[in-house]
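Peer 1: Have a peek at input-v2.pdb (PDB, C-alpha atoms).
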MODEL        1
ATOM      1  CA  MET A   1       9.976 -15.725 -10.095
ATOM      2  CA  SER A   2       8.891 -14.218  -6.784
ATOM      3  CA  VAL A   3       7.943 -10.549  -6.863
ATOM      4  CA  ILE A   4       8.190 -10.444  -3.071
ATOM      5  CA  LYS A   5      10.178 -12.788  -0.899
ATOM      6  CA  THR A   6      11.039 -12.694   2.796
ATOM      7  CA  GLU A   7      13.696 -14.777   4.507
ATOM      8  CA  ASN A   8      13.544 -15.225   8.282
ATOM      9  CA  LEU A   9      11.877 -11.815   8.599
ATOM     10  CA  THR A  10      11.499 -10.617  12.178
ATOM     11  CA  TYR A  11      10.369  -7.258  13.489
ATOM     12  CA  THR A  12      10.296  -6.262  17.146
ATOM     13  CA  TYR A  13       8.809  -3.018  18.437
ATOM     14  CA  SER A  14      10.371  -1.016  21.298
ATOM     15  CA  ILE A  15      13.486  -3.162  21.714
ATOM     16  CA  GLY A  16      15.062  -2.845  25.135
ATOM     17  CA  THR A  17      12.003  -1.368  26.783
ATOM     18  CA  PRO A  18       9.304  -2.945  28.956
ATOM     19  CA  PHE A  19       6.994  -2.628  25.923
ATOM     20  CA  GLU A  20       9.138  -4.825  23.658
ATOM     21  CA  LYS A  21       6.928  -6.930  21.395
ATOM     22  CA  THR A  22       7.753  -9.097  18.412
ATOM     23  CA  ALA A  23       5.086  -8.487  15.785
ATOM     24  CA  VAL A  24       6.612 -10.522  12.941
ATOM     25  CA  ASP A  25       8.578 -13.606  13.915
ATOM     26  CA  ASN A  26      10.819 -15.475  11.451
ATOM     27  CA  VAL A  27       8.454 -15.205   8.465
ATOM     28  CA  ASN A  28       9.419 -16.908   5.203
ATOM     29  CA  LEU A  29       7.114 -15.953   2.358
ATOM     30  CA  GLU A  30       7.176 -15.922  -1.437
ATOM     31  CA  ILE A  31       4.601 -14.130  -3.560
ATOM     32  CA  GLU A  32       4.682 -14.997  -7.238
ATOM     33  CA  GLU A  33       3.786 -12.586 -10.021
ATOM     34  CA  GLY A  34       0.042 -12.518 -10.637
ATOM     35  CA  ALA A  35      -0.805 -14.165  -7.306
ATOM     36  CA  LEU A  36      -3.712 -13.015  -5.179
ATOM     37  CA  VAL A  37      -2.623 -13.476  -1.572
ATOM     38  CA  GLY A  38      -4.556 -12.928   1.624
ATOM     39  CA  ILE A  39      -2.845 -12.424   4.963
ATOM     40  CA  ILE A  40      -5.419 -13.058   7.635
ATOM     41  CA  GLY A  41      -5.197 -12.695  11.390
ATOM     42  CA  HIS A  42      -6.617 -11.109  14.485
ATOM     43  CA  THR A  43      -6.123  -7.453  15.310
ATOM     44  CA  GLY A  44      -2.554  -6.983  16.495
ATOM     45  CA  SER A  45      -1.252 -10.180  14.917
ATOM     46  CA  GLY A  46       1.333  -8.381  12.734
ATOM     47  CA  LYS A  47      -0.403  -8.283   9.317
ATOM     48  CA  SER A  48       0.101  -4.561   8.734
ATOM     49  CA  THR A  49       3.627  -4.652  10.157
ATOM     50  CA  LEU A  50       4.509  -7.443   7.725
ATOM     51  CA  ILE A  51       3.030  -5.585   4.762
ATOM     52  CA  GLN A  52       4.853  -2.365   5.647
ATOM     53  CA  HIS A  53       8.135  -4.226   5.135
ATOM     54  CA  PHE A  54       7.321  -4.873   1.466
ATOM     55  CA  ASN A  55       8.116  -1.339   0.339
ATOM     56  CA  GLY A  56      10.572  -0.408   3.055
ATOM     57  CA  LEU A  57       8.331   1.575   5.387
ATOM     58  CA  VAL A  58       9.700  -0.584   8.191
ATOM     59  CA  LYS A  59      13.228  -1.992   8.423
ATOM     60  CA  PRO A  60      13.361  -5.543   9.801
ATOM     61  CA  THR A  61      14.997  -6.327  13.109
ATOM     62  CA  SER A  62      16.481  -9.317  11.293
ATOM     63  CA  GLY A  63      15.984 -11.173   8.042
ATOM     64  CA  LYS A  64      15.698 -10.042   4.437
ATOM     65  CA  ILE A  65      13.066  -8.736   2.015
ATOM     66  CA  TYR A  66      13.432  -9.061  -1.745
ATOM     67  CA  VAL A  67      11.391  -7.256  -4.396
ATOM     68  CA  ASP A  68      11.974  -8.596  -7.916
ATOM     69  CA  GLY A  69      15.004 -10.452  -6.560
ATOM     70  CA  GLN A  70      16.593  -7.310  -5.108
ATOM     71  CA  ASP A  71      17.376  -7.085  -1.380
ATOM     72  CA  ILE A  72      15.587  -3.840  -0.513
ATOM     73  CA  TRP A  73      17.956  -3.043   2.365
ATOM     74  CA  ALA A  74      21.207  -3.695   0.457
ATOM     75  CA  LYS A  75      23.465  -0.612   0.363
ATOM     76  CA  GLU A  76      23.092  -0.176  -3.392
ATOM     77  CA  THR A  77      19.283  -0.313  -3.329
ATOM     78  CA  LYS A  78      17.329   2.919  -3.653
ATOM     79  CA  LEU A  79      14.130   2.635  -1.602
ATOM     80  CA  ARG A  80      12.480   5.238  -3.826
ATOM     81  CA  ASP A  81      12.771   2.790  -6.747
ATOM     82  CA  ILE A  82      11.297  -0.025  -4.626
ATOM     83  CA  ARG A  83       8.361   2.186  -3.660
ATOM     84  CA  PHE A  84       7.598   2.737  -7.342
ATOM     85  CA  LYS A  85       7.188  -1.047  -7.587
ATOM     86  CA  VAL A  86       5.194  -1.743  -4.413
ATOM     87  CA  GLY A  87       2.238   0.458  -3.500
ATOM     88  CA  LEU A  88       0.344   0.238  -0.240
ATOM     89  CA  VAL A  89      -3.336   1.030   0.227
ATOM     90  CA  PHE A  90      -4.079   1.238   3.913
ATOM     91  CA  GLN A  91      -7.175   0.240   5.859
ATOM     92  CA  TYR A  92      -8.063   3.798   6.841
ATOM     93  CA  PRO A  93      -8.338   6.142   3.843
ATOM     94  CA  GLU A  94      -8.180   9.230   6.046
ATOM     95  CA  TYR A  95      -4.482   8.465   6.539
ATOM     96  CA  GLN A  96      -3.785   8.250   2.823
ATOM     97  CA  ILE A  97      -5.855  10.910   1.073
ATOM     98  CA  PHE A  98      -3.774  14.084   0.700
ATOM     99  CA  GLU A  99      -5.697  16.403  -1.574
ATOM    100  CA  GLU A 100      -9.063  18.116  -1.553
ATOM    101  CA  THR A 101     -10.355  16.841  -4.903
ATOM    102  CA  VAL A 102     -10.454  13.389  -6.467
ATOM    103  CA  TYR A 103      -8.433  14.494  -9.509
ATOM    104  CA  LYS A 104      -5.698  16.091  -7.394
ATOM    105  CA  ASP A 105      -5.481  13.049  -5.153
ATOM    106  CA  ILE A 106      -5.113  10.644  -8.064
ATOM    107  CA  ALA A 107      -2.422  12.967  -9.462
ATOM    108  CA  PHE A 108      -0.521  13.143  -6.158
ATOM    109  CA  GLY A 109       1.687  10.091  -6.778
ATOM    110  CA  PRO A 110       2.550  10.824 -10.415
ATOM    111  CA  LYS A 111       3.441  14.428  -9.515
ATOM    112  CA  ASN A 112       5.819  13.160  -6.852
ATOM    113  CA  MET A 113       7.414  10.910  -9.453
ATOM    114  CA  GLY A 114       8.406  14.062 -11.349
ATOM    115  CA  LEU A 115       6.272  13.349 -14.421
ATOM    116  CA  LYS A 116       5.266  16.077 -16.876
ATOM    117  CA  GLU A 117       1.762  17.553 -16.580
ATOM    118  CA  GLU A 118       0.584  15.910 -19.829
ATOM    119  CA  GLU A 119       1.671  12.466 -18.612
ATOM    120  CA  ILE A 120       0.103  13.075 -15.195
ATOM    121  CA  ASP A 121      -3.203  14.017 -16.835
ATOM    122  CA  ARG A 122      -3.087  10.944 -19.096
ATOM    123  CA  ARG A 123      -2.414   8.629 -16.152
ATOM    124  CA  VAL A 124      -5.112  10.213 -13.992
ATOM    125  CA  ARG A 125      -7.666   9.768 -16.792
ATOM    126  CA  GLU A 126      -6.594   6.171 -17.376
ATOM    127  CA  ALA A 127      -6.737   5.270 -13.673
ATOM    128  CA  ALA A 128     -10.049   7.044 -13.115
ATOM    129  CA  GLY A 129     -11.513   5.267 -16.116
ATOM    130  CA  PHE A 130     -10.433   1.899 -14.762
ATOM    131  CA  VAL A 131     -11.573   2.259 -11.166
ATOM    132  CA  GLY A 132     -13.874   5.278 -11.163
ATOM    133  CA  PRO A 133     -16.232   6.753 -13.720
ATOM    134  CA  GLY A 134     -16.644   4.484 -16.711
ATOM    135  CA  ASP A 135     -16.711   7.474 -19.042
ATOM    136  CA  CYS A 136     -13.395   9.316 -18.894
ATOM    137  CA  ASP A 137     -15.081  12.312 -20.515
ATOM    138  CA  THR A 138     -16.678  12.901 -17.121
ATOM    139  CA  LEU A 139     -13.248  13.343 -15.511
ATOM    140  CA  GLY A 140     -13.669  17.091 -15.762
ATOM    141  CA  GLU A 141     -16.527  16.701 -13.325
ATOM    142  CA  ILE A 142     -14.444  14.798 -10.751
ATOM    143  CA  ALA A 143     -11.755  17.476 -10.913
ATOM    144  CA  ASP A 144     -14.037  19.577  -8.732
ATOM    145  CA  ILE A 145     -15.496  16.807  -6.539
ATOM    146  CA  ASP A 146     -14.280  17.050  -2.966
ATOM    147  CA  VAL A 147     -12.886  13.924  -1.381
ATOM    148  CA  ALA A 148     -15.673  12.735   0.908
ATOM    149  CA  ILE A 149     -15.393  13.715   4.544
ATOM    150  CA  ASP A 150     -17.210  10.486   5.466
ATOM    151  CA  PHE A 151     -14.313   8.052   5.280
ATOM    152  CA  SER A 152     -16.653   5.079   5.158
ATOM    153  CA  PHE A 153     -17.476   6.293   1.632
ATOM    154  CA  PRO A 154     -16.258   3.492  -0.671
ATOM    155  CA  GLY A 155     -15.148   5.996  -3.310
ATOM    156  CA  ASN A 156     -12.183   6.908  -1.135
ATOM    157  CA  LEU A 157     -10.761   3.397  -1.530
ATOM    158  CA  ASP A 158     -11.243   3.791  -5.280
ATOM    159  CA  THR A 159      -9.319   7.081  -5.161
ATOM    160  CA  MET A 160      -6.398   5.422  -3.376
ATOM    161  CA  LEU A 161      -6.336   2.576  -5.893
ATOM    162  CA  GLU A 162      -6.496   5.084  -8.739
ATOM    163  CA  ASN A 163      -3.497   6.905  -7.264
ATOM    164  CA  ALA A 164      -1.480   3.676  -7.202
ATOM    165  CA  MET A 165      -2.582   2.820 -10.735
ATOM    166  CA  ALA A 166      -1.657   6.279 -12.011
ATOM    167  CA  ARG A 167       1.870   5.665 -10.741
ATOM    168  CA  LYS A 168       1.923   2.423 -12.791
ATOM    169  CA  ILE A 169       2.838   0.397  -9.725
ATOM    170  CA  PRO A 170       2.932  -3.279 -10.666
ATOM    171  CA  LEU A 171       2.150  -4.534  -7.161
ATOM    172  CA  VAL A 172      -0.495  -2.993  -4.913
ATOM    173  CA  ILE A 173      -0.989  -4.299  -1.401
ATOM    174  CA  GLY A 174      -4.002  -3.385   0.704
ATOM    175  CA  THR A 175      -4.793  -3.819   4.346
ATOM    176  CA  THR A 176      -8.130  -4.172   6.031
ATOM    177  CA  GLY A 177      -9.303  -5.260   9.428
ATOM    178  CA  LEU A 178     -11.529  -8.187  10.195
ATOM    179  CA  THR A 179     -14.955  -7.653  11.655
ATOM    180  CA  ALA A 180     -15.628  -8.970  15.135
ATOM    181  CA  ALA A 181     -17.588 -11.870  13.636
ATOM    182  CA  GLN A 182     -14.688 -12.806  11.365
ATOM    183  CA  GLU A 183     -12.162 -12.529  14.183
ATOM    184  CA  ALA A 184     -14.084 -14.928  16.424
ATOM    185  CA  PRO A 185     -15.888 -17.509  14.296
ATOM    186  CA  GLN A 186     -16.000 -19.920  17.227
ATOM    187  CA  ASP A 187     -18.381 -17.479  18.990
ATOM    188  CA  ALA A 188     -20.845 -17.742  16.094
ATOM    189  CA  GLU A 189     -21.471 -21.389  16.960
ATOM    190  CA  LYS A 190     -22.413 -20.654  20.578
TER
ENDMDL
END
Rewrite the coordinates I just gave you, this time as structure tokens.

Peer 2:
Amino acid sequence: MSVIKTENLTYTYSIGTPFEKTAVDNVNLEIEEGALVGIIGHTGSGKSTLIQHFNGLVKPTSGKIYVDGQDIWAKETKLRDIRFKVGLVFQYPEYQIFEETVYKDIAFGPKNMGLKEEEIDRRVREAAGFVGPGDCDTLGEIADIDVAIDFSFPGNLDTMLENAMARKIPLVIGTTGLTAAQEAPQDAEK
């Protein structure tokens, strides 16, 4: 069964203005459970716009999106429930890190789910042990570690993944840009 499916998905920015631009045009896609999928394209090709549809951050101009067989824009669907199933980790961590310490940032999602403090602590330790420090006994140390100001620091990506894991999200989608060399491989041959 598909965990994510799109049917004739189209999204157009700034409809009715001189800046109107279709970023996603009639996309049909099925992602099966357990699949590792890459969406590759040049800057501005619509990759991030497409991905933002998967948990309802963006409503399509036309077409449908299904998560676990459920139309996410059907009247009876609660987007909050969909967002507990599909987590997004964006290209720029500075747009996604909310707290001043690693522990608090990992706990951000579970707190917003309304979980009890004991369950939040358990999930933070579990997620940090999976992605971060191998020894969860050292978690007390990361409770006081500031989130790095240098957003090129790879630990910030780990913190965002830990946050998604602590929420027990079954599907995590990440975005990243291509380097100039990857965007223009034909130039490498010249």

Peer 1: Do you have the atom CA of Tyr66 of chain A-atom CA of Ile106 of chain A distance handy?

Peer 2: 27.8 Å

Peer 1: Could you tell me which residues the PyMOL selection byres ((chain A and resi 5-22) around 8) returns for this structure, as a list in words?

Peer 2: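 This file gives the following for the PyMOL selection byres ((chain A and resi 5-22) around 8): Ser2, Val3, Ile4, Ala23, Val24, Asp25, Asn26, Val27, Asn28, Leu29, Glu30, Ile31, Thr49, Lys59, Pro60, Thr61, Ser62, Gly63, Lys64, Ile65, Tyr66, Val67 and Gly69 of chain A.
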
Peer 1: For a test of reading the model, state the distance in Å between atom CA of Leu57 of chain A and atom CA of Arg122 of chain A, rounded to one decimal.

Peer 2: 28.6 Å

Peer 1: In Å to one decimal, how far is atom CA of Val124 of chain A from atom CA of Lys104 of chain A?

Peer 2: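 So the two atoms, atom CA of Lys104 of chain A and atom CA of Val124 of chain A, lie 8.9 Å apart.
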
Peer 1: Which polymer residues, whether protein, DNA or RNA, lie within 12 Å of the coordinate (9.3, 1.6, 5.7) when you count all atoms listed in the file? List them as a PyMOL selection string, using the chain letters and numbers from the file.

Peer 2: chain A and resi 11+48-60+65+72-73+79-80+82-83+86-88

Peer 1: For the residues selected in the previous step, produce a file with C-alpha atoms as a PDB file, in the coordinates of the input.

Peer 2:
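As a result, part-v7.pdb now contains:
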ATOM      1  CA  TYR A  11      10.369  -7.258  13.489  1.00  0.00           C
ATOM      2  CA  SER A  48       0.101  -4.561   8.734  1.00  0.00           C
ATOM      3  CA  THR A  49       3.627  -4.652  10.157  1.00  0.00           C
ATOM      4  CA  LEU A  50       4.509  -7.443   7.725  1.00  0.00           C
ATOM      5  CA  ILE A  51       3.030  -5.585   4.762  1.00  0.00           C
ATOM      6  CA  GLN A  52       4.853  -2.365   5.647  1.00  0.00           C
ATOM      7  CA  HIS A  53       8.135  -4.226   5.135  1.00  0.00           C
ATOM      8  CA  PHE A  54       7.321  -4.873   1.466  1.00  0.00           C
ATOM      9  CA  ASN A  55       8.116  -1.339   0.339  1.00  0.00           C
ATOM     10  CA  GLY A  56      10.572  -0.408   3.055  1.00  0.00           C
ATOM     11  CA  LEU A  57       8.331   1.575   5.387  1.00  0.00           C
ATOM     12  CA  VAL A  58       9.700  -0.584   8.191  1.00  0.00           C
ATOM     13  CA  LYS A  59      13.228  -1.992   8.423  1.00  0.00           C
ATOM     14  CA  PRO A  60      13.361  -5.543   9.801  1.00  0.00           C
ATOM     15  CA  ILE A  65      13.066  -8.736   2.015  1.00  0.00           C
ATOM     16  CA  ILE A  72      15.587  -3.840  -0.513  1.00  0.00           C
ATOM     17  CA  TRP A  73      17.956  -3.043   2.365  1.00  0.00           C
ATOM     18  CA  LEU A  79      14.130   2.635  -1.602  1.00  0.00           C
ATOM     19  CA  ARG A  80      12.480   5.238  -3.826  1.00  0.00           C
ATOM     20  CA  ILE A  82      11.297  -0.025  -4.626  1.00  0.00           C
ATOM     21  CA  ARG A  83       8.361   2.186  -3.660  1.00  0.00           C
ATOM     22  CA  VAL A  86       5.194  -1.743  -4.413  1.00  0.00           C
ATOM     23  CA  GLY A  87       2.238   0.458  -3.500  1.00  0.00           C
ATOM     24  CA  LEU A  88       0.344   0.238  -0.240  1.00  0.00           C
TER      25      LEU A  88
END

Peer 1: Here is a test: counting all atoms listed in the file, which residue of A:Ala128, A:Gly38, A:Glu33, A:Lys85 is nearest to Asp105 of chain A?

Peer 2: A:Ala128

Peer 1: Kindly write segment 19-133 of chain A with C-alpha atoms to a file, as an mmCIF file, in the first residue's frame.

Peer 2:
data_model
loop_
_atom_site.group_PDB
_atom_site.id
_atom_site.type_symbol
_atom_site.label_atom_id
_atom_site.label_comp_id
_atom_site.auth_asym_id
_atom_site.auth_seq_id
_atom_site.Cartn_x
_atom_site.Cartn_y
_atom_site.Cartn_z
ATOM 1 C CA PHE A 19 3.922 36.589 -11.119
ATOM 2 C CA GLU A 20 1.777 33.474 -11.625
ATOM 3 C CA LYS A 21 3.975 30.381 -11.811
ATOM 4 C CA THR A 22 3.117 26.701 -11.783
ATOM 5 C CA ALA A 23 5.648 24.955 -9.564
ATOM 6 C CA VAL A 24 4.090 21.472 -9.555
ATOM 7 C CA ASP A 25 2.291 20.401 -12.708
ATOM 8 C CA ASN A 26 0.028 17.328 -12.837
ATOM 9 C CA VAL A 27 2.255 15.091 -10.688
ATOM 10 C CA ASN A 28 1.227 11.471 -10.131
ATOM 11 C CA LEU A 29 3.375 9.762 -7.526
ATOM 12 C CA GLU A 30 3.156 6.757 -5.218
ATOM 13 C CA ILE A 31 5.569 6.126 -2.366
ATOM 14 C CA GLU A 32 5.373 2.673 -0.843
ATOM 15 C CA GLU A 33 6.056 1.904 2.804
ATOM 16 C CA GLY A 34 9.767 1.424 3.441
ATOM 17 C CA ALA A 35 10.815 3.076 0.170
ATOM 18 C CA LEU A 36 13.757 5.441 -0.032
ATOM 19 C CA VAL A 37 12.836 8.046 -2.634
ATOM 20 C CA GLY A 38 14.874 10.908 -4.016
ATOM 21 C CA ILE A 39 13.282 13.887 -5.724
ATOM 22 C CA ILE A 40 15.986 15.612 -7.694
ATOM 23 C CA GLY A 41 15.903 18.825 -9.681
ATOM 24 C CA HIS A 42 17.383 22.238 -10.205
ATOM 25 C CA THR A 43 16.777 25.108 -7.819
ATOM 26 C CA GLY A 44 13.243 26.366 -8.362
ATOM 27 C CA SER A 45 12.008 23.188 -10.029
ATOM 28 C CA GLY A 46 9.266 22.556 -7.428
ATOM 29 C CA LYS A 47 10.856 19.878 -5.191
ATOM 30 C CA SER A 48 10.179 21.667 -1.906
ATOM 31 C CA THR A 49 6.721 22.775 -3.036
ATOM 32 C CA LEU A 50 5.853 19.158 -3.841
ATOM 33 C CA ILE A 51 7.134 17.907 -0.493
ATOM 34 C CA GLN A 52 5.221 20.573 1.434
ATOM 35 C CA HIS A 53 1.999 19.068 0.075
ATOM 36 C CA PHE A 54 2.688 15.747 1.817
ATOM 37 C CA ASN A 55 1.706 16.991 5.265
ATOM 38 C CA GLY A 56 -0.672 19.738 4.230
ATOM 39 C CA LEU A 57 1.580 22.775 4.529
ATOM 40 C CA VAL A 58 0.414 23.716 1.043
ATOM 41 C CA LYS A 59 -3.042 23.080 -0.417
ATOM 42 C CA PRO A 60 -2.976 22.034 -4.081
ATOM 43 C CA THR A 61 -4.443 24.210 -6.792
ATOM 44 C CA SER A 62 -5.878 20.969 -8.161
ATOM 45 C CA GLY A 63 -5.441 17.253 -7.651
ATOM 46 C CA LYS A 64 -5.348 15.061 -4.561
ATOM 47 C CA ILE A 65 -2.872 13.899 -1.912
ATOM 48 C CA TYR A 66 -3.377 10.709 0.075
ATOM 49 C CA VAL A 67 -1.520 9.670 3.225
ATOM 50 C CA ASP A 68 -2.192 6.060 4.248
ATOM 51 C CA GLY A 69 -5.088 6.044 1.781
ATOM 52 C CA GLN A 70 -6.740 9.113 3.317
ATOM 53 C CA ASP A 71 -7.379 12.227 1.204
ATOM 54 C CA ILE A 72 -5.688 14.862 3.365
ATOM 55 C CA TRP A 73 -7.967 17.657 2.131
ATOM 56 C CA ALA A 74 -11.264 15.770 2.578
ATOM 57 C CA LYS A 75 -13.646 17.577 4.961
ATOM 58 C CA GLU A 76 -13.444 14.844 7.592
ATOM 59 C CA THR A 77 -9.634 14.781 7.661
ATOM 60 C CA LYS A 78 -7.826 16.459 10.539
ATOM 61 C CA LEU A 79 -4.537 17.895 9.257
ATOM 62 C CA ARG A 80 -3.085 17.681 12.763
ATOM 63 C CA ASP A 81 -3.396 13.877 12.559
ATOM 64 C CA ILE A 82 -1.725 13.854 9.124
ATOM 65 C CA ARG A 83 1.156 15.936 10.467
ATOM 66 C CA PHE A 84 1.747 13.328 13.169
ATOM 67 C CA LYS A 85 2.298 10.843 10.328
ATOM 68 C CA VAL A 86 4.446 12.935 7.974
ATOM 69 C CA GLY A 87 7.346 14.968 9.342
ATOM 70 C CA LEU A 88 9.378 17.417 7.309
ATOM 71 C CA VAL A 89 13.040 18.237 7.866
ATOM 72 C CA PHE A 90 13.924 21.294 5.851
ATOM 73 C CA GLN A 91 17.133 22.216 4.060
ATOM 74 C CA TYR A 92 17.918 25.140 6.350
ATOM 75 C CA PRO A 93 17.976 24.165 10.038
ATOM 76 C CA GLU A 94 17.785 27.788 11.159
ATOM 77 C CA TYR A 95 14.143 27.749 10.043
ATOM 78 C CA GLN A 96 13.304 24.664 12.072
ATOM 79 C CA ILE A 97 15.193 24.859 15.362
ATOM 80 C CA PHE A 98 12.973 26.497 17.994
ATOM 81 C CA GLU A 99 14.707 26.070 21.320
ATOM 82 C CA GLU A 100 18.000 27.094 22.862
ATOM 83 C CA THR A 101 19.204 23.643 23.939
ATOM 84 C CA VAL A 102 19.378 20.310 22.140
ATOM 85 C CA TYR A 103 17.192 18.571 24.739
ATOM 86 C CA LYS A 104 14.483 21.243 24.580
ATOM 87 C CA ASP A 105 14.480 21.194 20.796
ATOM 88 C CA ILE A 106 14.090 17.424 20.616
ATOM 89 C CA ALA A 107 11.253 17.735 23.155
ATOM 90 C CA PHE A 108 9.483 20.490 21.197
ATOM 91 C CA GLY A 109 7.376 18.171 19.016
ATOM 92 C CA PRO A 110 6.336 15.723 21.743
ATOM 93 C CA LYS A 111 5.339 18.625 24.018
ATOM 94 C CA ASN A 112 3.125 20.001 21.269
ATOM 95 C CA MET A 113 1.517 16.582 20.956
ATOM 96 C CA GLY A 114 0.322 16.984 24.552
ATOM 97 C CA LEU A 115 2.355 14.088 25.957
ATOM 98 C CA LYS A 116 3.151 13.771 29.665
ATOM 99 C CA GLU A 117 6.602 14.869 30.859
ATOM 100 C CA GLU A 118 7.711 11.278 31.577
ATOM 101 C CA GLU A 119 6.814 10.176 28.041
ATOM 102 C CA ILE A 120 8.494 13.253 26.554
ATOM 103 C CA ASP A 121 11.690 12.489 28.480
ATOM 104 C CA ARG A 122 11.605 8.831 27.391
ATOM 105 C CA ARG A 123 11.146 9.784 23.735
ATOM 106 C CA VAL A 124 13.864 12.440 23.846
ATOM 107 C CA ARG A 125 16.318 9.919 25.324
ATOM 108 C CA GLU A 126 15.368 7.289 22.753
ATOM 109 C CA ALA A 127 15.698 9.694 19.812
ATOM 110 C CA ALA A 128 18.956 11.183 21.075
ATOM 111 C CA GLY A 129 20.367 7.707 21.553
ATOM 112 C CA PHE A 130 19.479 6.760 17.995
ATOM 113 C CA VAL A 131 20.749 9.832 16.178
ATOM 114 C CA GLY A 132 22.925 11.640 18.709
ATOM 115 C CA PRO A 133 25.116 10.474 21.558
#
